[in-house]
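Asker: Dropping in final.csv, with CSV, C-alpha atoms.
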chain,number,residue,atom,x,y,z
A,173,MET,CA,14.8,-23.1,18.8
A,174,ILE,CA,15.6,-19.4,18.9
A,175,ILE,CA,14.0,-17.3,16.2
A,176,SER,CA,16.0,-14.3,15.2
A,177,SER,CA,14.6,-10.8,15.1
A,178,SER,CA,14.8,-10.6,11.3
A,179,SER,CA,12.9,-13.9,11.0
A,180,VAL,CA,10.1,-12.4,13.3
A,181,ILE,CA,10.0,-9.4,11.1
A,182,LEU,CA,9.9,-11.5,7.9
A,183,ILE,CA,7.0,-13.5,9.4
A,184,GLY,CA,5.2,-10.3,10.1
A,185,ILE,CA,5.8,-9.1,6.5
A,186,LEU,CA,4.3,-12.4,5.3
A,187,GLY,CA,1.3,-11.7,7.6
A,188,LEU,CA,0.8,-8.2,6.1
A,189,LEU,CA,1.2,-9.7,2.6
A,190,GLY,CA,-1.5,-12.3,3.4
A,191,VAL,CA,-4.0,-9.7,4.6
A,192,GLY,CA,-3.3,-7.6,1.5
A,193,PHE,CA,-3.7,-10.6,-0.9
A,194,TYR,CA,-6.9,-11.7,0.8
A,195,GLY,CA,-8.3,-8.2,0.6
A,196,LEU,CA,-7.5,-8.0,-3.1
A,197,LEU,CA,-9.2,-11.4,-3.7
A,198,ALA,CA,-12.2,-11.0,-1.4
A,199,THR,CA,-13.2,-7.4,-1.6
A,200,ARG,CA,-15.7,-6.0,-4.1
A,201,ASN,CA,-15.6,-2.3,-3.1
A,202,LEU,CA,-13.2,-0.4,-5.3
A,203,ILE,CA,-11.9,1.9,-2.6
A,204,LYS,CA,-11.3,-1.1,-0.3
A,205,VAL,CA,-9.3,-2.7,-3.2
A,206,ILE,CA,-7.0,0.3,-3.0
A,207,VAL,CA,-6.7,-0.1,0.8
A,208,ALA,CA,-5.6,-3.7,0.2
A,209,LEU,CA,-3.1,-2.6,-2.3
A,210,GLN,CA,-1.7,0.0,0.2
A,211,ILE,CA,-1.4,-2.8,2.8
A,212,LEU,CA,0.6,-4.9,0.3
A,213,VAL,CA,2.9,-2.0,-0.4
A,214,LYS,CA,3.5,-1.5,3.3
A,215,ALA,CA,4.7,-5.1,3.5
A,216,VAL,CA,7.0,-4.6,0.5
A,217,LEU,CA,8.4,-1.4,2.0
A,218,LEU,CA,9.3,-3.3,5.2
A,219,ALA,CA,10.8,-6.1,3.2
A,220,ILE,CA,13.1,-3.7,1.3
A,221,ILE,CA,14.2,-2.0,4.5
A,222,LEU,CA,14.8,-5.4,6.2
A,223,ALA,CA,16.9,-6.6,3.2
A,224,GLY,CA,19.0,-3.4,3.3
A,225,ASN,CA,19.4,-3.8,7.1
A,226,LEU,CA,20.6,-7.4,6.6
A,227,ARG,CA,23.0,-6.5,3.8
A,228,GLY,CA,24.4,-3.5,5.6
A,229,GLN,CA,23.2,-1.2,2.8
A,230,VAL,CA,20.4,0.7,4.6
A,231,ASN,CA,20.9,3.8,2.5
A,232,LEU,CA,20.5,2.0,-0.8
A,233,SER,CA,17.3,0.4,0.5
A,234,GLN,CA,16.1,3.8,1.7
A,235,SER,CA,16.5,5.2,-1.7
A,236,LEU,CA,14.6,2.3,-3.3
A,237,ALA,CA,11.9,2.6,-0.6
A,238,LEU,CA,11.5,6.3,-1.4
A,239,THR,CA,10.7,5.4,-5.0
A,240,VAL,CA,8.2,2.8,-3.8
A,241,ILE,CA,6.5,5.4,-1.6
A,242,VAL,CA,6.2,7.9,-4.4
A,243,ALA,CA,4.9,5.3,-6.8
A,244,ASP,CA,2.5,3.9,-4.2
A,245,THR,CA,1.0,7.4,-3.5
A,246,ILE,CA,0.5,8.1,-7.2
A,247,VAL,CA,-1.2,4.7,-7.6
A,248,ALA,CA,-3.5,5.5,-4.7
A,249,VAL,CA,-4.3,9.0,-6.2
A,250,ILE,CA,-5.1,7.6,-9.6
A,251,GLY,CA,-7.0,4.7,-8.3
A,252,LEU,CA,-9.1,6.9,-6.1
A,253,ALA,CA,-9.7,9.3,-9.0
A,254,LEU,CA,-10.9,6.4,-11.1
A,255,ALA,CA,-13.1,5.1,-8.3
A,256,VAL,CA,-14.7,8.5,-7.8
A,257,GLN,CA,-15.4,8.9,-11.6
A,258,ILE,CA,-16.7,5.3,-11.8
A,259,ARG,CA,-19.1,6.1,-8.9
A,260,ARG,CA,-20.2,9.2,-10.7
A,261,TYR,CA,-20.9,7.6,-14.0
A,262,ILE,CA,-22.0,4.1,-13.0
A,263,GLY,CA,-23.4,4.9,-9.6
A,264,THR,CA,-21.7,2.1,-7.7
A,265,LEU,CA,-18.3,1.1,-6.4
A,266,ASP,CA,-18.9,-2.6,-6.9
A,267,VAL,CA,-16.1,-4.2,-8.9
A,268,HIS,CA,-18.6,-6.8,-10.3
A,269,SER,CA,-20.5,-4.1,-12.1
A,270,LEU,CA,-17.5,-3.1,-14.1
A,271,SER,CA,-17.6,-6.1,-16.3
A,272,ASN,CA,-18.9,-4.0,-19.2
A,273,LEU,CA,-16.8,-1.1,-20.5
A,274,ARG,CA,-19.6,0.3,-22.6
A,275,ARG,CA,-22.9,1.3,-21.2
B,143,MET,CA,9.8,-8.1,21.9
B,144,LEU,CA,9.0,-4.5,20.8
B,145,HIS,CA,9.2,-5.6,17.1
B,146,ILE,CA,6.7,-8.4,17.8
B,147,LEU,CA,4.3,-6.0,19.4
B,148,ILE,CA,4.5,-3.4,16.7
B,149,LEU,CA,4.2,-6.0,14.0
B,150,ALA,CA,1.2,-7.6,15.7
B,151,GLY,CA,-0.4,-4.1,15.9
B,152,ALA,CA,0.3,-3.4,12.3
B,153,ILE,CA,-1.3,-6.7,11.2
B,154,GLY,CA,-4.2,-6.2,13.6
B,155,CYS,CA,-4.8,-2.7,12.1
B,156,ALA,CA,-4.6,-4.2,8.5
B,157,ILE,CA,-7.1,-6.9,9.4
B,158,GLU,CA,-9.5,-4.3,10.9
B,159,ALA,CA,-9.0,-2.1,7.7
B,160,MET,CA,-10.2,-5.1,5.6
B,161,ARG,CA,-13.0,-6.1,8.0
B,162,ALA,CA,-14.5,-2.6,8.6
B,163,LYS,CA,-17.9,-2.1,6.9
B,164,ARG,CA,-17.6,1.7,6.6
B,165,LEU,CA,-14.9,3.0,4.2
B,166,LEU,CA,-13.9,5.9,6.5
B,167,ILE,CA,-13.1,3.5,9.4
B,168,SER,CA,-11.2,1.4,6.9
B,169,ALA,CA,-9.1,4.4,5.9
B,170,LEU,CA,-8.4,5.3,9.5
B,171,TRP,CA,-7.2,1.7,10.3
B,172,LEU,CA,-5.0,1.9,7.2
B,173,ALA,CA,-3.4,5.1,8.7
B,174,GLY,CA,-2.7,3.1,11.9
B,175,THR,CA,-1.0,0.4,9.9
B,176,SER,CA,1.1,3.0,8.1
B,177,ALA,CA,2.1,4.7,11.4
B,178,LEU,CA,3.2,1.4,13.0
B,179,VAL,CA,5.1,0.3,9.9
B,180,ALA,CA,6.9,3.7,10.0
B,181,VAL,CA,7.9,3.0,13.6
B,182,LEU,CA,9.2,-0.4,12.6
B,183,ILE,CA,11.2,1.2,9.7
B,184,TYR,CA,12.7,3.6,12.2
B,185,LEU,CA,13.7,0.8,14.5
B,186,LEU,CA,15.3,-1.0,11.5
B,187,GLY,CA,17.7,2.0,11.2
B,188,ALA,CA,16.1,4.0,8.3
B,189,PRO,CA,14.9,7.2,9.9
B,190,GLU,CA,14.6,9.2,6.7
B,191,ILE,CA,12.1,6.8,5.1
B,192,ALA,CA,10.3,6.4,8.4
B,193,VAL,CA,9.6,10.1,8.5
B,194,ILE,CA,8.5,10.2,4.8
B,195,GLU,CA,6.3,7.1,5.4
B,196,LEU,CA,4.7,8.7,8.4
B,197,SER,CA,3.9,11.9,6.7
B,198,VAL,CA,3.0,10.5,3.3
B,199,GLY,CA,1.6,7.1,4.1
B,200,ALA,CA,-0.2,8.0,7.3
B,201,GLY,CA,-0.9,11.7,6.5
B,202,LEU,CA,-1.3,12.5,2.8
B,203,VAL,CA,-2.8,9.2,1.7
B,204,THR,CA,-5.3,9.2,4.6
B,205,VAL,CA,-6.4,12.7,3.7
B,206,LEU,CA,-6.8,11.6,0.0
B,207,PHE,CA,-8.9,8.6,1.1
B,208,VAL,CA,-11.1,10.8,3.3
B,209,PHE,CA,-11.5,13.3,0.5
B,210,ALA,CA,-12.3,10.6,-2.1
B,211,ILE,CA,-14.8,8.9,0.3
B,212,ASN,CA,-16.5,12.2,0.9
B,213,ILE,CA,-16.9,12.8,-2.8
B,214,ALA,CA,-17.9,9.2,-3.8
B,215,GLY,CA,-20.0,8.6,-0.7
B,216,GLU,CA,-20.1,5.5,1.6
B,217,GLU,CA,-21.3,2.3,0.0
B,218,VAL,CA,-21.5,-0.8,2.1
B,219,LEU,CA,-21.4,-3.9,-0.1
B,220,ASP,CA,-22.5,-7.0,1.7
B,221,THR,CA,-22.6,-9.2,-1.4
B,222,HIS,CA,-20.4,-12.2,-1.8
B,223,SER,CA,-16.9,-11.8,-3.1
B,224,ILE,CA,-16.2,-12.6,-6.8
B,225,VAL,CA,-13.6,-15.3,-5.7
B,226,PRO,CA,-15.2,-17.7,-3.2
B,227,LYS,CA,-13.7,-17.1,0.2
B,228,PRO,CA,-12.4,-20.7,0.7
B,229,VAL,CA,-10.6,-20.4,-2.6
B,230,ALA,CA,-9.1,-17.0,-1.6
B,231,TRP,CA,-7.9,-18.5,1.7
B,232,VAL,CA,-6.2,-21.4,-0.1
B,233,LEU,CA,-4.6,-19.1,-2.6
B,234,VAL,CA,-3.3,-16.8,0.1
B,235,GLY,CA,-2.1,-19.7,2.2
B,236,LEU,CA,-0.2,-21.3,-0.8
B,237,SER,CA,1.4,-18.0,-1.8
B,238,LEU,CA,2.5,-17.3,1.8
B,239,LEU,CA,3.9,-20.9,2.2
B,240,LEU,CA,5.9,-20.5,-1.0
B,241,LEU,CA,7.2,-17.0,0.0
B,242,GLY,CA,8.2,-18.3,3.5
B,243,TRP,CA,9.8,-21.5,2.1
B,244,LEU,CA,11.8,-19.4,-0.3
B,245,ASN,CA,12.8,-16.6,2.0
B,246,LEU,CA,13.1,-17.8,5.6
B,247,PRO,CA,16.2,-20.1,5.1
B,248,GLN,CA,18.0,-17.2,3.3
B,249,LEU,CA,18.0,-15.2,6.5
B,250,ASP,CA,20.5,-17.4,8.2
B,251,LEU,CA,23.1,-17.3,5.4
B,252,PRO,CA,26.1,-15.2,6.2
B,253,LEU,CA,26.0,-12.2,3.9
B,254,PRO,CA,28.9,-9.9,3.1
B,255,VAL,CA,28.2,-6.8,5.0
B,256,GLN,CA,29.2,-3.7,3.0
B,257,LEU,CA,29.7,-0.2,4.3
B,258,GLY,CA,27.0,1.8,2.6
B,259,ASP,CA,27.4,5.3,1.1
B,260,PRO,CA,25.5,8.2,2.7
B,261,PHE,CA,21.8,8.5,1.8
B,262,SER,CA,22.2,11.7,-0.2
B,263,ASN,CA,25.0,10.2,-2.3
B,264,VAL,CA,23.1,7.1,-3.0
B,265,LEU,CA,19.9,9.0,-3.9
B,266,TRP,CA,21.4,11.7,-6.1
B,267,GLU,CA,24.5,10.0,-7.6
B,268,GLN,CA,23.7,6.3,-7.8
B,269,ARG,CA,20.0,6.4,-8.2
B,270,GLY,CA,19.6,9.4,-10.5
B,271,LEU,CA,17.2,7.7,-12.8
B,272,ASP,CA,14.9,6.9,-9.8
B,273,VAL,CA,14.8,10.7,-9.1
B,274,ILE,CA,13.8,11.4,-12.6
B,275,VAL,CA,11.1,8.7,-12.5
B,276,GLN,CA,9.8,10.2,-9.2
B,277,ILE,CA,9.5,13.6,-10.8
B,278,VAL,CA,7.5,12.1,-13.7
B,279,LEU,CA,5.3,10.2,-11.2
B,280,ILE,CA,4.6,13.3,-9.3
B,281,PHE,CA,3.4,15.0,-12.4
B,282,THR,CA,1.2,12.0,-13.1
B,283,GLY,CA,-0.1,12.4,-9.6
B,284,VAL,CA,-1.1,16.0,-10.3
B,285,LEU,CA,-3.1,14.7,-13.3
B,286,GLY,CA,-4.7,12.1,-10.9
B,287,VAL,CA,-5.7,14.9,-8.5
B,288,MET,CA,-7.3,16.7,-11.4
B,289,GLY,CA,-9.2,13.6,-12.2
B,290,LEU,CA,-10.3,13.4,-8.6
B,291,LEU,CA,-11.6,16.9,-8.7
B,292,ALA,CA,-13.1,16.8,-12.2
B,293,THR,CA,-16.9,17.2,-12.4
B,294,PRO,CA,-19.0,15.8,-15.2
B,295,LYS,CA,-20.0,18.2,-18.0
B,296,GLN,CA,-23.4,19.8,-17.5
B,297,SER,CA,-25.6,19.4,-20.5
B,298,ASP,CA,-26.1,22.6,-22.5
B,299,PRO,CA,-29.3,24.2,-21.4
B,300,HIS,CA,-29.6,26.2,-24.7
B,301,PRO,CA,-28.7,23.8,-27.5
B,302,GLU,CA,-28.1,25.4,-30.8
B,303,ALA,CA,-30.6,24.6,-33.4
Can you turn what I pasted into structure tokens?
Answerer:
Amino acid sequence: MIISSSSVILIGILGLLGVGFYGLLATRNLIKVIVALQILVKAVLLAIILAGNLRGQVNLSQSLALTVIVADTIVAVIGLALAVQIRRYIGTLDVHSLSNLRR
Amino acid sequence: MLHILILAGAIGCAIEAMRAKRLLISALWLAGTSALVAVLIYLLGAPEIAVIELSVGAGLVTVLFVFAINIAGEEVLDTHSIVPKPVAWVLVGLSLLLLGWLNLPQLDLPLPVQLGDPFSNVLWEQRGLDVIVQIVLIFTGVLGVMGLLATPKQSDPHPEA
């Protein structure tokens, strides 16, 4: 059985998605949650480019990927800002300690 | 073969980013993942996005992470995760099986290959709304940076009577 190059890349994308999902579920540190989110977005980015490559519409996929990169960066900035402020006001980055909104 | 090596490297960097105890090391492994993903994107024939991913994903985001970790400080949490790890493994395995089952057979279907327009045409003419959304997002990002830099209000040393 010969596995095509696109199948290999798709399996790799699934691997990256798995690492990101697991990180989101298992991590308690807020900054590491953002790292896991970044890994998930890298996998999505690769999937978009692969889909464009397979359809022969690489430029359309590039334009979509550009939007994803911008949105991903903004999500990281806002998430990090939230994490820094939470650390400042609550004193910890532990997700579990955020169960109360009022202190 | 090159694809397999780069993908294995990217997945290895991602695993190390999750396993690293120190946040700074984790951010550096994430930069490695971004760089390898950028190389793969280049090999898939999308050089413009590869350059942007390399500069934004591996450069700007890493700088932001290092900056935020410097402000917030390192915090090593060795406590148990909220979701038990076996449950997390099962959930991840099930979701990946579902994704693979749905997507892998689709790769072998013959798809109509269309001749794509140039990147600039696609971006400025067909995806004009995306560009507007990106501008709005960048303004939101500026607000986010202000949130990152904001300092708590000092209590007034001379309160009025």
Asker: I'd like to know which of A:Val249, A:Leu236, A:Leu218, A:Ala208 is closest to Leu182 of chain A, using all atoms listed in the file.
Answerer: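 Among A:Val249, A:Leu236, A:Leu218, A:Ala208, it is A:Leu218 that comes nearest to Leu182 of chain A.
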Asker: Go ahead and find all residues with at least one atom no further than 7 Å from (1.3, -14.9, 0.8) in the file's coordinates, using all atoms listed in the file; report them as a PyMOL selection string.
Answerer: (chain A and resi 186+189-190+193) or (chain B and resi 234-239+241)
Asker: Which is closest to Ile241 of chain A among A:Ala253, A:Leu226, A:Ile220, A:Ile181, if we use all atoms listed in the file?
Answerer: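 Selected residue with least distance to Ile241 of chain A: A:Ile220.
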Asker: Place a sphere of radius 10 Å on (-8.3, 10.6, 0.4) in the file coordinates and name every protein, DNA or RNA residue with an atom inside or on its surface, counting only C-alpha atoms; give the answer as number ranges by chain.
Answerer: A: 203, 248-249, 252-253; B: 166, 169, 201-213, 290
Asker: Mind pulling up the distance from atom CA of Ser176 of chain B to atom CA of His268 of chain A?
Answerer: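 For atom CA of His268 of chain A relative to atom CA of Ser176 of chain B, the distance reads 28.7 Å.
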Asker: Would you work out the distance separating atom CA of Leu233 of chain B from atom CA of Ala162 of chain B, expressed in Å to one decimal?
Answerer: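 Distance reported for this atom pair: 22.3 Å.
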Asker: List the neighbours of Ala152 of chain B out to 8 Å using only C-alpha atoms; skip same-chain residues closer than 4 positions along the sequence, and give me the result as a VMD selection string.
Answerer: (chain A and resid 188) or (chain B and resid 148 156 174 to 176 178 to 179)
Asker: Using only C-alpha atoms for the distances, tell me which of A:Leu202, A:Ala219, A:Ile185, A:Ile250 is nearest to chain B.
Answerer: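 Ranking A:Leu202, A:Ala219, A:Ile185, A:Ile250 by distance to chain B, first place goes to A:Ile250.
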Asker: As an exercise, work out the distance from atom CA of Thr239 of chain A to atom CA of Leu186 of chain B in Å and give it to one decimal place.
Answerer: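 Between atom CA of Thr239 of chain A and atom CA of Leu186 of chain B the gap is 18.3 Å.
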Asker: With all atoms listed in the file as the basis for distance, which of B:Val278, B:Leu265, B:Leu291, B:Ile167 is at the shortest distance from Ile246 of chain A?
Answerer: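 Result for the nearest residue to Ile246 of chain A: B:Val278.
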Asker: So that I can check the surroundings of Ser179 of chain A, please list as a ChimeraX atom specification every protein, DNA and RNA residue that reaches within 10 Å of it, counting only C-alpha atoms and ignoring chain neighbours fewer than 6 positions away.
Answerer: /A:185,222 /B:242,245-250
Asker: Pick out the closest residue to Glu190 of chain B from this set: A:Ala255, A:Val247, A:Leu270, A:Val230. Count all atoms listed in the file.
Answerer: A:Val230
Asker: Under the rule that only C-alpha atoms are counted, which of B:Ala214, B:Leu144, B:Leu165, B:Ile183 is the nearest residue to Ile262 of chain A?
Answerer: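 Nearest candidate to Ile262 of chain A out of B:Ala214, B:Leu144, B:Leu165, B:Ile183: B:Ala214.
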